[in-house]
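So this block is work.csv, CSV, C-alpha atoms:
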chain,number,residue,atom,x,y,z
C,1,MET,CA,-9.3,7.5,-16.7
C,2,LYS,CA,-8.1,4.0,-17.8
C,3,ALA,CA,-4.5,5.2,-18.2
C,4,LEU,CA,-4.6,6.6,-14.7
C,5,TYR,CA,-5.6,3.3,-13.2
C,6,ARG,CA,-2.9,1.5,-15.1
C,7,ILE,CA,-0.3,4.0,-14.0
C,8,ALA,CA,-1.5,3.6,-10.4
C,9,SER,CA,-1.3,-0.2,-10.8
C,10,VAL,CA,2.4,0.0,-12.0
C,11,LEU,CA,3.3,2.4,-9.2
C,12,LEU,CA,1.6,0.0,-6.7
C,13,LEU,CA,3.7,-2.9,-8.0
C,14,LEU,CA,6.9,-0.9,-7.7
C,15,PHE,CA,5.9,0.3,-4.2
C,16,ALA,CA,5.2,-3.3,-3.2
C,17,LEU,CA,8.6,-4.4,-4.5
C,18,GLY,CA,10.5,-1.6,-2.9
C,19,HIS,CA,8.6,-2.1,0.4
C,20,THR,CA,9.2,-5.8,0.5
C,21,LEU,CA,12.9,-5.5,-0.3
C,22,GLY,CA,13.5,-2.7,2.1
C,23,PHE,CA,11.3,-2.7,5.2
C,24,ARG,CA,13.5,-5.1,7.1
C,25,GLN,CA,16.8,-3.5,6.1
C,26,ASN,CA,19.0,-1.8,8.8
C,27,ASN,CA,21.3,1.0,8.0
C,28,PRO,CA,24.2,1.1,10.5
C,29,GLU,CA,23.9,4.9,10.5
C,30,TRP,CA,20.6,4.5,12.3
C,31,ALA,CA,22.3,2.8,15.3
C,32,ALA,CA,19.2,0.6,15.6
C,33,GLY,CA,21.1,-2.7,15.7
C,34,SER,CA,20.6,-3.3,19.4
C,35,VAL,CA,16.9,-2.6,19.1
C,36,ILE,CA,16.5,-5.0,16.2
C,37,ASP,CA,18.5,-7.6,18.1
C,38,ALA,CA,16.2,-7.2,21.0
C,39,MET,CA,13.2,-7.5,18.8
C,40,ARG,CA,14.5,-10.7,17.4
C,41,SER,CA,15.8,-12.3,20.6
C,42,LEU,CA,13.0,-11.7,23.1
C,43,HIS,CA,10.3,-14.3,22.5
C,44,PHE,CA,7.0,-14.6,24.4
C,45,ASP,CA,3.7,-16.5,24.3
C,46,ALA,CA,1.1,-14.8,22.1
C,47,GLN,CA,-2.2,-16.8,22.3
C,48,GLY,CA,-0.3,-20.1,22.2
C,49,PHE,CA,2.4,-19.2,19.7
C,50,LYS,CA,6.0,-18.4,20.5
C,51,ARG,CA,6.6,-15.0,18.8
C,52,SER,CA,8.9,-12.0,19.0
C,53,TYR,CA,8.4,-8.4,18.2
C,54,TRP,CA,10.4,-9.0,15.0
C,55,ASP,CA,7.8,-11.6,14.0
C,56,PHE,CA,5.1,-9.0,14.5
C,57,PHE,CA,7.1,-6.3,12.6
C,58,SER,CA,7.7,-8.7,9.7
C,59,ALA,CA,4.1,-9.9,9.6
C,60,PHE,CA,2.7,-6.4,9.4
C,61,GLY,CA,5.2,-5.3,6.8
C,62,LEU,CA,4.3,-8.3,4.7
C,63,PHE,CA,0.6,-7.6,5.3
C,64,PHE,CA,1.2,-4.2,3.7
C,65,THR,CA,2.9,-5.8,0.7
C,66,VAL,CA,-0.1,-8.1,0.2
C,67,PHE,CA,-2.4,-5.1,0.4
C,68,LEU,CA,-0.3,-3.2,-2.2
C,69,LEU,CA,-0.4,-6.2,-4.5
C,70,PHE,CA,-4.1,-6.5,-4.1
C,71,ALA,CA,-4.6,-2.8,-4.8
C,72,ALA,CA,-2.4,-3.1,-7.9
C,73,VAL,CA,-4.6,-5.9,-9.2
C,74,LEU,CA,-7.8,-4.0,-8.4
C,75,ALA,CA,-6.5,-0.8,-10.1
C,76,TRP,CA,-5.7,-2.8,-13.2
C,77,GLN,CA,-9.1,-4.4,-13.2
C,78,LEU,CA,-10.8,-1.1,-12.8
C,79,SER,CA,-8.9,0.1,-15.9
C,80,SER,CA,-10.3,-2.8,-17.9
C,81,LEU,CA,-14.0,-2.4,-17.0
C,82,PRO,CA,-16.5,-1.3,-19.7
C,83,VAL,CA,-18.0,2.2,-18.9
C,84,GLU,CA,-21.4,0.8,-18.1
C,85,ILE,CA,-20.0,-1.7,-15.5
C,86,PHE,CA,-17.5,0.9,-14.1
C,87,ALA,CA,-20.3,3.3,-13.3
C,88,ARG,CA,-21.9,0.6,-11.1
C,89,VAL,CA,-18.7,0.0,-9.1
C,90,ARG,CA,-17.7,3.7,-8.8
C,91,PRO,CA,-18.0,3.6,-5.0
C,92,MET,CA,-15.3,0.9,-5.0
C,93,ALA,CA,-13.0,3.2,-7.0
C,94,TRP,CA,-13.6,6.0,-4.5
C,95,ALA,CA,-13.0,3.6,-1.6
C,96,LEU,CA,-9.6,2.7,-3.0
C,97,ALA,CA,-8.8,6.4,-3.6
C,98,ILE,CA,-9.8,7.3,0.0
C,99,CYS,CA,-7.8,4.4,1.4
C,100,PHE,CA,-4.7,5.7,-0.4
C,101,ALA,CA,-5.4,9.2,0.8
C,102,ALA,CA,-5.1,7.7,4.3
C,103,VAL,CA,-1.9,5.8,3.4
C,104,THR,CA,-0.5,9.1,2.2
C,105,ALA,CA,-1.4,10.9,5.4
C,106,LEU,CA,0.2,8.1,7.4
C,107,SER,CA,3.3,8.2,5.2
C,108,PHE,CA,3.7,11.9,5.9
C,109,LYS,CA,3.3,11.3,9.6
C,110,TYR,CA,5.5,8.2,10.0
C,111,ALA,CA,7.6,7.5,6.9
C,112,PHE,CA,10.1,9.2,4.7
C,113,THR,CA,10.5,10.5,1.1
C,114,THR,CA,10.2,7.4,-1.0
C,115,PRO,CA,6.9,6.1,0.5
C,116,ILE,CA,5.6,9.6,0.6
C,117,VAL,CA,6.3,10.2,-3.1
C,118,PHE,CA,4.7,6.8,-4.1
C,119,SER,CA,1.7,7.4,-1.9
C,120,VAL,CA,1.1,10.9,-3.3
C,121,LEU,CA,1.5,9.8,-6.9
C,122,ILE,CA,-0.8,6.7,-6.4
C,123,THR,CA,-3.4,8.8,-4.5
C,124,THR,CA,-3.4,11.5,-7.2
C,125,CYS,CA,-3.9,8.9,-9.9
C,126,LEU,CA,-6.7,7.2,-8.0
C,127,ILE,CA,-8.6,10.3,-7.0
C,128,THR,CA,-8.3,11.8,-10.5
C,129,ALA,CA,-9.5,8.6,-12.1
C,130,ALA,CA,-12.4,8.3,-9.7
C,131,TRP,CA,-13.3,11.9,-10.3
C,132,LEU,CA,-13.3,11.4,-14.1
C,133,SER,CA,-15.1,8.1,-14.0
C,134,PRO,CA,-18.7,7.8,-15.4
C,135,THR,CA,-21.4,8.5,-12.9
C,136,ASN,CA,-24.4,6.9,-14.6
C,137,PRO,CA,-24.6,3.4,-16.0
C,138,SER,CA,-25.6,3.3,-19.6
Write the structure described by the file as structure tokens, please.
Amino acid sequence: MKALYRIASVLLLLFALGHTLGFRQNNPEWAAGSVIDAMRSLHFDAQGFKRSYWDFFSAFGLFFTVFLLFAAVLAWQLSSLPVEIFARVRPMAWALAICFAAVTALSFKYAFTTPIVFSVLITTCLITAAWLSPTNPS
């Protein structure tokens, strides 16, 4: 169980790194340059702030990076808990696993191979670890 949380934590760190470095990249083969230029150039008032759709896109991408980093820390901390404490926070472990099951579903619907593979591996580690975790505090 502990090893699965550590594996998930490392995968989460790699996912965060890859996501952060890649989510704002543009491949010329996609022919999306004009869309990105429009997202960057068109500014509007959003509750008193001058923003663009590129700002929103960047913010939500970075929000996901922060979430991945938080999940990596949480998974590592779960791996370090004594059995009697872990049994008491087992619902938290399941919440994290279910959250990543949702991330996996969204990856299949909207993403591509790399995030799908990371999501599936992370979800598998988290669900297996939660399943194998102690159910009764000592």
Quick one: everything within 10 Å of region 88-103 of chain C, counting only C-alpha atoms, minus sequence neighbours fewer than 3 positions away in the same chain. Send it as a PyMOL selection string.
-> chain C and resi 5+71+74-75+78+81+83-85+106-109+115-116+119-131+133-138
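Closest approach to Leu17 (chain C) from the set C:Ala72, C:Leu132, C:Val35, C:Val117 is made by C:Ala72, with distances taken over all atoms listed in the file.
Note that CA of Arg6 (chain C) and CA of Ser79 (chain C) are 6.2 Å apart.
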Length of the CA of Leu69 (chain C) to CA of Ser9 (chain C) vector [Å] |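 Between CA of Leu69 (chain C) and CA of Ser9 (chain C) the gap works out to 8.7 Å.
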Please, what distance in Å, to one decimal, runs between CA of Asp55 (chain C) and CA of Phe67 (chain C)?
->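 CA of Asp55 (chain C) sits 18.2 Å away from CA of Phe67 (chain C).
Ranking C:Glu29, C:Met39, C:Leu14, C:Gln77 by their shortest atom-to-atom distance to Phe57 (chain C), with only C-alpha atoms included, puts C:Met39 first.
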Just the residues within 12 Å of Gly18 (chain C), please, counting only C-alpha atoms, with nothing from its chain fewer than 5 positions along; format it as a ChimeraX atom specification.
-> /C:11-13,23-25,61-62,64-65,68-69,114-115,118
Can you tell me, as a PDB file with C-alpha atoms, keeping the file's coordinate frame, what residues are no more than 8 Å from Leu42 (chain C) when counting all atoms listed in the file, ignoring any on the same chain fewer than 3 positions away?
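And here is the file that came out, part_23.pdb:
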ATOM      1  CA  ALA C  38      16.200  -7.200  21.000  1.00  0.00           C
ATOM      2  CA  MET C  39      13.200  -7.500  18.800  1.00  0.00           C
ATOM      3  CA  SER C  52       8.900 -12.000  19.000  1.00  0.00           C
ATOM      4  CA  TYR C  53       8.400  -8.400  18.200  1.00  0.00           C
TER       5      TYR C  53
END
